>>> print(open('model.txt').read())   # compact mmCIF, N, CA and C atoms
# COMPACT_ATOMS: atom_id res chain seq x y z
N MET O 1 -9.98 13.17 -3.64
CA MET O 1 -9.72 11.77 -3.51
C MET O 1 -8.31 11.47 -4.00
N ASN O 2 -7.56 10.73 -3.22
CA ASN O 2 -6.21 10.34 -3.60
C ASN O 2 -6.24 9.15 -4.54
N LYS O 3 -5.25 9.07 -5.39
CA LYS O 3 -5.14 7.95 -6.31
C LYS O 3 -3.83 7.24 -6.05
N PHE O 4 -3.77 5.98 -6.44
CA PHE O 4 -2.56 5.22 -6.24
C PHE O 4 -2.14 4.57 -7.53
N LEU O 5 -0.93 4.13 -7.58
CA LEU O 5 -0.36 3.48 -8.75
C LEU O 5 -0.51 1.97 -8.56
N ASP O 6 -1.46 1.35 -9.27
CA ASP O 6 -1.63 -0.10 -9.15
C ASP O 6 -0.58 -0.82 -9.97
N SER O 7 -0.59 -2.14 -9.95
CA SER O 7 0.46 -2.90 -10.63
C SER O 7 0.47 -2.65 -12.14
N ASN O 8 -0.69 -2.47 -12.76
CA ASN O 8 -0.73 -2.17 -14.20
C ASN O 8 -0.12 -0.80 -14.49
N GLY O 9 -0.46 0.18 -13.66
CA GLY O 9 0.11 1.52 -13.84
C GLY O 9 1.60 1.54 -13.59
N LEU O 10 2.06 0.77 -12.61
CA LEU O 10 3.48 0.70 -12.32
C LEU O 10 4.25 0.12 -13.50
N LEU O 11 3.73 -0.94 -14.09
CA LEU O 11 4.38 -1.53 -15.26
C LEU O 11 4.39 -0.55 -16.43
N TYR O 12 3.28 0.15 -16.62
CA TYR O 12 3.19 1.14 -17.70
C TYR O 12 4.22 2.25 -17.50
N LEU O 13 4.30 2.77 -16.26
CA LEU O 13 5.26 3.83 -15.96
C LEU O 13 6.69 3.33 -16.12
N TRP O 14 6.97 2.10 -15.71
CA TRP O 14 8.31 1.53 -15.84
C TRP O 14 8.72 1.46 -17.31
N GLU O 15 7.79 1.07 -18.17
CA GLU O 15 8.09 1.03 -19.61
C GLU O 15 8.38 2.43 -20.15
N LYS O 16 7.66 3.44 -19.66
CA LYS O 16 7.92 4.82 -20.08
C LYS O 16 9.31 5.26 -19.63
N ILE O 17 9.70 4.90 -18.42
CA ILE O 17 11.03 5.25 -17.92
C ILE O 17 12.10 4.60 -18.77
N LYS O 18 11.93 3.33 -19.07
CA LYS O 18 12.91 2.61 -19.89
C LYS O 18 13.03 3.26 -21.27
N ALA O 19 11.90 3.61 -21.87
CA ALA O 19 11.93 4.25 -23.19
C ALA O 19 12.63 5.61 -23.12
N TYR O 20 12.38 6.36 -22.06
CA TYR O 20 13.01 7.67 -21.90
C TYR O 20 14.52 7.54 -21.79
N VAL O 21 14.97 6.59 -20.97
CA VAL O 21 16.41 6.38 -20.80
C VAL O 21 17.05 5.99 -22.13
N ALA O 22 16.40 5.10 -22.85
CA ALA O 22 16.94 4.65 -24.13
C ALA O 22 17.04 5.81 -25.12
N GLU O 23 16.04 6.69 -25.11
CA GLU O 23 15.99 7.80 -26.07
C GLU O 23 16.89 8.97 -25.69
N HIS O 24 16.99 9.30 -24.40
CA HIS O 24 17.66 10.52 -23.99
C HIS O 24 19.05 10.36 -23.40
N SER O 25 19.41 9.20 -22.95
CA SER O 25 20.71 9.11 -22.27
C SER O 25 21.67 8.17 -22.98
N GLY O 26 21.24 7.63 -24.09
CA GLY O 26 22.11 6.72 -24.81
C GLY O 26 22.19 5.35 -24.17
N GLY O 27 21.47 5.18 -23.06
CA GLY O 27 21.45 3.87 -22.41
C GLY O 27 20.52 2.94 -23.15
N THR O 28 20.41 1.76 -22.65
CA THR O 28 19.50 0.78 -23.23
C THR O 28 18.39 0.51 -22.24
N ALA O 29 17.32 -0.06 -22.73
CA ALA O 29 16.22 -0.41 -21.85
C ALA O 29 16.69 -1.37 -20.76
N ASP O 30 17.65 -2.23 -21.08
CA ASP O 30 18.16 -3.17 -20.09
C ASP O 30 18.87 -2.48 -18.94
N SER O 31 19.38 -1.27 -19.17
CA SER O 31 20.11 -0.59 -18.11
C SER O 31 19.19 -0.15 -16.98
N VAL O 32 17.88 -0.14 -17.20
CA VAL O 32 16.96 0.21 -16.13
C VAL O 32 16.12 -0.98 -15.69
N ASP O 33 16.55 -2.19 -16.02
CA ASP O 33 15.86 -3.36 -15.48
C ASP O 33 16.03 -3.38 -13.97
N TRP O 34 15.05 -3.85 -13.25
CA TRP O 34 15.02 -3.81 -11.80
C TRP O 34 16.29 -4.40 -11.18
N GLN O 35 16.77 -5.51 -11.71
CA GLN O 35 17.96 -6.13 -11.11
C GLN O 35 19.21 -5.27 -11.27
N ASN O 36 19.20 -4.30 -12.19
CA ASN O 36 20.35 -3.43 -12.39
C ASN O 36 20.28 -2.14 -11.57
N ILE O 37 19.19 -1.91 -10.88
CA ILE O 37 19.02 -0.70 -10.09
C ILE O 37 19.81 -0.83 -8.79
N ARG O 38 20.62 0.17 -8.48
CA ARG O 38 21.42 0.16 -7.26
C ARG O 38 20.68 0.88 -6.14
N ASN O 39 21.02 0.54 -4.92
CA ASN O 39 20.46 1.17 -3.72
C ASN O 39 18.94 1.08 -3.67
N LYS O 40 18.42 -0.07 -4.09
CA LYS O 40 16.98 -0.29 -4.02
C LYS O 40 16.53 -0.31 -2.57
N PRO O 41 15.32 0.13 -2.29
CA PRO O 41 14.83 0.05 -0.91
C PRO O 41 14.60 -1.41 -0.54
N ASP O 42 14.74 -1.70 0.76
CA ASP O 42 14.39 -3.03 1.23
C ASP O 42 12.88 -3.19 1.12
N LEU O 43 12.46 -4.33 0.65
CA LEU O 43 11.05 -4.60 0.48
C LEU O 43 10.63 -5.70 1.43
N ALA O 44 9.46 -5.57 2.00
CA ALA O 44 8.93 -6.61 2.89
C ALA O 44 8.12 -7.60 2.08
N LEU O 45 8.25 -8.85 2.42
CA LEU O 45 7.45 -9.89 1.79
C LEU O 45 6.10 -9.98 2.48
N LYS O 46 5.08 -10.41 1.74
CA LYS O 46 3.77 -10.60 2.36
C LYS O 46 3.88 -11.51 3.58
N SER O 47 4.69 -12.55 3.47
CA SER O 47 4.84 -13.48 4.59
C SER O 47 5.44 -12.81 5.82
N ASP O 48 6.23 -11.74 5.63
CA ASP O 48 6.80 -11.02 6.76
C ASP O 48 5.74 -10.21 7.50
N LEU O 49 4.70 -9.82 6.79
CA LEU O 49 3.68 -8.94 7.37
C LEU O 49 2.41 -9.66 7.78
N SER O 50 2.25 -10.90 7.36
CA SER O 50 0.97 -11.58 7.54
C SER O 50 0.60 -11.83 8.99
N SER O 51 1.55 -11.84 9.90
CA SER O 51 1.21 -12.11 11.29
C SER O 51 1.29 -10.88 12.18
N VAL O 52 1.50 -9.70 11.61
CA VAL O 52 1.57 -8.49 12.41
C VAL O 52 0.20 -8.20 13.03
N TYR O 53 -0.83 -8.22 12.22
CA TYR O 53 -2.20 -8.00 12.68
C TYR O 53 -3.05 -9.21 12.34
N ARG O 54 -3.99 -9.50 13.21
CA ARG O 54 -4.94 -10.59 12.99
C ARG O 54 -6.35 -10.03 13.07
N PHE O 55 -7.05 -10.03 11.93
CA PHE O 55 -8.42 -9.53 11.92
C PHE O 55 -9.30 -10.50 12.68
N LYS O 56 -10.03 -9.98 13.66
CA LYS O 56 -10.87 -10.82 14.51
C LYS O 56 -12.34 -10.73 14.15
N GLY O 57 -12.78 -9.62 13.57
CA GLY O 57 -14.19 -9.48 13.23
C GLY O 57 -14.65 -8.04 13.34
N SER O 58 -15.96 -7.87 13.45
CA SER O 58 -16.56 -6.54 13.56
C SER O 58 -17.44 -6.47 14.80
N VAL O 59 -17.48 -5.28 15.37
CA VAL O 59 -18.38 -4.99 16.49
C VAL O 59 -19.18 -3.75 16.13
N THR O 60 -20.26 -3.54 16.84
CA THR O 60 -21.16 -2.44 16.52
C THR O 60 -20.53 -1.07 16.78
N ASN O 61 -19.90 -0.90 17.96
CA ASN O 61 -19.33 0.39 18.32
C ASN O 61 -18.09 0.19 19.18
N TYR O 62 -17.40 1.29 19.50
CA TYR O 62 -16.16 1.22 20.26
C TYR O 62 -16.36 0.54 21.61
N ALA O 63 -17.47 0.84 22.27
CA ALA O 63 -17.73 0.26 23.59
C ALA O 63 -17.87 -1.26 23.52
N SER O 64 -18.12 -1.80 22.33
CA SER O 64 -18.29 -3.25 22.17
C SER O 64 -16.97 -3.99 21.92
N LEU O 65 -15.85 -3.25 21.83
CA LEU O 65 -14.56 -3.92 21.67
C LEU O 65 -14.31 -4.80 22.90
N PRO O 66 -13.78 -6.01 22.70
CA PRO O 66 -13.58 -6.91 23.84
C PRO O 66 -12.62 -6.33 24.88
N ALA O 67 -12.98 -6.48 26.14
CA ALA O 67 -12.18 -5.92 27.24
C ALA O 67 -11.15 -6.91 27.77
N GLU O 68 -11.28 -8.18 27.44
CA GLU O 68 -10.33 -9.17 27.94
C GLU O 68 -10.08 -10.25 26.89
N ASN O 69 -9.07 -11.08 27.17
CA ASN O 69 -8.65 -12.17 26.27
C ASN O 69 -8.16 -11.66 24.92
N ASN O 70 -7.57 -10.47 24.92
CA ASN O 70 -7.00 -9.92 23.69
C ASN O 70 -5.51 -10.21 23.64
N MET O 71 -4.99 -10.38 22.43
CA MET O 71 -3.56 -10.53 22.21
C MET O 71 -3.08 -9.35 21.37
N ALA O 72 -1.87 -8.89 21.62
CA ALA O 72 -1.32 -7.79 20.82
C ALA O 72 -1.41 -8.17 19.35
N GLY O 73 -1.96 -7.26 18.54
CA GLY O 73 -2.13 -7.51 17.11
C GLY O 73 -3.54 -7.89 16.72
N ASP O 74 -4.42 -8.15 17.69
CA ASP O 74 -5.82 -8.43 17.38
C ASP O 74 -6.44 -7.15 16.82
N VAL O 75 -7.16 -7.26 15.72
CA VAL O 75 -7.78 -6.11 15.07
C VAL O 75 -9.28 -6.34 14.93
N TRP O 76 -10.03 -5.32 15.32
CA TRP O 76 -11.48 -5.34 15.19
C TRP O 76 -11.93 -4.12 14.40
N ASN O 77 -12.95 -4.30 13.58
CA ASN O 77 -13.58 -3.21 12.85
C ASN O 77 -14.78 -2.72 13.66
N VAL O 78 -14.91 -1.40 13.80
CA VAL O 78 -16.07 -0.81 14.47
C VAL O 78 -17.01 -0.31 13.38
N GLU O 79 -18.15 -0.98 13.27
CA GLU O 79 -19.09 -0.70 12.18
C GLU O 79 -19.64 0.72 12.21
N ALA O 80 -19.83 1.29 13.38
CA ALA O 80 -20.42 2.64 13.49
C ALA O 80 -19.56 3.70 12.81
N THR O 81 -18.24 3.51 12.82
CA THR O 81 -17.35 4.52 12.26
C THR O 81 -16.51 4.02 11.09
N GLY O 82 -16.43 2.70 10.92
CA GLY O 82 -15.56 2.14 9.89
C GLY O 82 -14.10 2.11 10.32
N MET O 83 -13.83 2.51 11.57
CA MET O 83 -12.47 2.54 12.10
C MET O 83 -12.05 1.13 12.50
N ASN O 84 -10.79 0.80 12.23
CA ASN O 84 -10.20 -0.45 12.71
C ASN O 84 -9.33 -0.14 13.91
N TYR O 85 -9.39 -1.01 14.92
CA TYR O 85 -8.61 -0.84 16.13
C TYR O 85 -7.77 -2.10 16.36
N ALA O 86 -6.51 -1.89 16.76
CA ALA O 86 -5.62 -3.00 17.09
C ALA O 86 -5.30 -2.95 18.58
N TRP O 87 -5.24 -4.12 19.20
CA TRP O 87 -4.87 -4.21 20.61
C TRP O 87 -3.36 -4.15 20.71
N THR O 88 -2.82 -3.23 21.52
CA THR O 88 -1.38 -3.05 21.67
C THR O 88 -0.79 -3.93 22.76
N GLY O 89 -1.65 -4.52 23.54
CA GLY O 89 -1.23 -5.25 24.74
C GLY O 89 -1.69 -4.51 25.98
N ASP O 90 -1.97 -3.19 25.80
CA ASP O 90 -2.44 -2.36 26.92
C ASP O 90 -3.74 -1.63 26.60
N ALA O 91 -3.95 -1.28 25.32
CA ALA O 91 -5.10 -0.46 24.94
C ALA O 91 -5.40 -0.66 23.46
N TRP O 92 -6.55 -0.12 23.03
CA TRP O 92 -6.93 -0.16 21.62
C TRP O 92 -6.31 1.03 20.91
N ASP O 93 -5.68 0.78 19.77
CA ASP O 93 -5.03 1.81 18.97
C ASP O 93 -5.78 1.94 17.64
N ALA O 94 -6.23 3.15 17.33
CA ALA O 94 -6.96 3.38 16.08
C ALA O 94 -6.01 3.26 14.89
N LEU O 95 -6.34 2.39 13.95
CA LEU O 95 -5.49 2.18 12.77
C LEU O 95 -5.92 3.04 11.58
N GLY O 96 -7.20 3.23 11.42
CA GLY O 96 -7.68 4.01 10.29
C GLY O 96 -9.08 3.60 9.89
N GLU O 97 -9.72 4.49 9.18
CA GLU O 97 -11.08 4.26 8.75
C GLU O 97 -11.12 3.79 7.30
N THR O 98 -12.25 3.32 6.90
CA THR O 98 -12.48 2.94 5.52
C THR O 98 -12.43 4.17 4.64
N PHE O 99 -11.79 4.06 3.48
CA PHE O 99 -11.77 5.16 2.52
C PHE O 99 -11.69 4.56 1.12
N GLU O 100 -12.01 5.37 0.16
CA GLU O 100 -12.02 4.92 -1.23
C GLU O 100 -10.81 5.48 -1.97
N ILE O 101 -10.16 4.63 -2.74
CA ILE O 101 -9.06 5.08 -3.59
C ILE O 101 -9.32 4.63 -5.01
N GLN O 102 -8.78 5.34 -5.94
CA GLN O 102 -8.90 4.98 -7.34
C GLN O 102 -7.50 4.87 -7.93
N SER O 103 -7.32 3.91 -8.82
CA SER O 103 -6.01 3.80 -9.46
C SER O 103 -5.87 4.90 -10.52
N ILE O 104 -4.64 5.32 -10.71
CA ILE O 104 -4.34 6.35 -11.70
C ILE O 104 -4.39 5.71 -13.09
N THR O 105 -4.86 6.45 -14.06
CA THR O 105 -4.98 5.91 -15.41
C THR O 105 -3.69 6.13 -16.20
N ASN O 106 -3.53 5.38 -17.27
CA ASN O 106 -2.36 5.57 -18.14
C ASN O 106 -2.33 6.99 -18.71
N ALA O 107 -3.51 7.54 -19.02
CA ALA O 107 -3.56 8.90 -19.55
C ALA O 107 -3.06 9.91 -18.50
N GLU O 108 -3.38 9.68 -17.23
CA GLU O 108 -2.89 10.56 -16.16
C GLU O 108 -1.38 10.42 -16.00
N ILE O 109 -0.86 9.19 -16.14
CA ILE O 109 0.58 8.99 -16.08
C ILE O 109 1.24 9.75 -17.23
N ASP O 110 0.66 9.65 -18.45
CA ASP O 110 1.19 10.38 -19.60
C ASP O 110 1.22 11.88 -19.34
N SER O 111 0.17 12.40 -18.73
CA SER O 111 0.09 13.82 -18.44
C SER O 111 1.16 14.25 -17.44
N ILE O 112 1.37 13.44 -16.41
CA ILE O 112 2.36 13.76 -15.38
C ILE O 112 3.78 13.69 -15.94
N THR O 113 4.02 12.73 -16.82
CA THR O 113 5.38 12.50 -17.31
C THR O 113 5.68 13.22 -18.63
N ALA O 114 4.72 13.98 -19.12
CA ALA O 114 4.93 14.70 -20.40
C ALA O 114 6.04 15.73 -20.24
N GLU O 115 6.88 15.81 -21.25
CA GLU O 115 7.96 16.80 -21.22
C GLU O 115 7.37 18.18 -21.47
N ALA O 116 7.90 19.14 -20.74
CA ALA O 116 7.41 20.52 -20.89
C ALA O 116 7.99 21.17 -22.12
>>> encode(input="model.txt", output="structure tokens")
Amino acid sequence: MNKFLDSNGLLYLWEKIKAYVAEHSGGTADSVDWQNIRNKPDLALKSDLSSVYRFKGSVTNYASLPAENNMAGDVWNVEATGMNYAWTGDAWDALGETFEIQSITNAEIDSITAEA
């Protein structure tokens, strides 16, 4: 099972990075504040992504996906498989199935970032 870094874990890891920089490089914690980071990746806002896909509902199986009156971006869940499908304008495109993820714990972050 894969794990992800949730917002609490991200904040915890960020504090560890700041402490490391302050201790090992002579820098200050402020030198690693987000606004001071150069070449940051472009980030998308939720509002930028909110209209890409429109969840329409669930159907029993793939054969039950609507054959007409679809708009590109319409998304349906197929209950038989847990797969979500989006209408491309020409066909149904499989987006992915339901899966379980767990957030990484602070102890796991400590283990990963421990100095050898």
>>> atom_distance(input="model.txt", atom1="atom C of Phe55 (chain O)", atom2="atom C of Ser103 (chain O)")
28.1 Å
>>> residues_around(input="model.txt", residues="Ala94 (chain O)", least_positions_apart="5", cutoff="6.5 Å", atoms="only N, CA and C atoms", output="JSON, numbers by chain")
{"O": [84, 85, 86]}
>>> residues_around(input="model.txt", residues="Thr113 (chain O)", least_positions_apart="5", cutoff="9 Å", atoms="only C-alpha atoms", output="list of chain:residue names")
O:Leu13, O:Lys16, O:Glu108
>>> atom_distance(input="model.txt", atom1="atom N of Glu23 (chain O)", atom2="atom C of Ile109 (chain O)")
17.0 Å
>>> atom_distance(input="model.txt", atom1="atom C of Leu95 (chain O)", atom2="atom C of Ala67 (chain O)")
19.7 Å
>>> residues_around(input="model.txt", residues="Gly82 (chain O)", least_positions_apart="6", cutoff="6.5 Å", atoms="all atoms listed in the file", output="list of chain:residue names")
O:Gly96, O:Glu97, O:Thr98
>>> residues_around(input="model.txt", residues="region 63-65 of chain O", least_positions_apart="5", cutoff="8 Å", atoms="only N, CA and C atoms", output="CSV table (one decimal) with N, CA and C atoms, in the coordinates of the input")
chain,number,residue,atom,x,y,z
O,58,SER,N,-16.0,-7.9,13.4
O,58,SER,CA,-16.6,-6.5,13.6
O,58,SER,C,-17.4,-6.5,14.8
O,76,TRP,N,-10.0,-5.3,15.3
O,76,TRP,CA,-11.5,-5.3,15.2
O,76,TRP,C,-11.9,-4.1,14.4
O,78,VAL,N,-14.9,-1.4,13.8
O,78,VAL,CA,-16.1,-0.8,14.5
O,78,VAL,C,-17.0,-0.3,13.4
>>> residues_around(input="model.txt", residues="Met71 (chain O)", least_positions_apart="3", cutoff="6 Å", atoms="only N, CA and C atoms", output="ChimeraX atom specification")
/O:74,87,89
>>> axis_aligned_box(input="model.txt", around="region 52-70 of chain O", padding_each_side="6 Å", output="JSON")
{"center_x": -9.8, "center_y": -5.4, "center_z": 19.8, "size_x": 34.7, "size_y": 25.5, "size_z": 28.3}
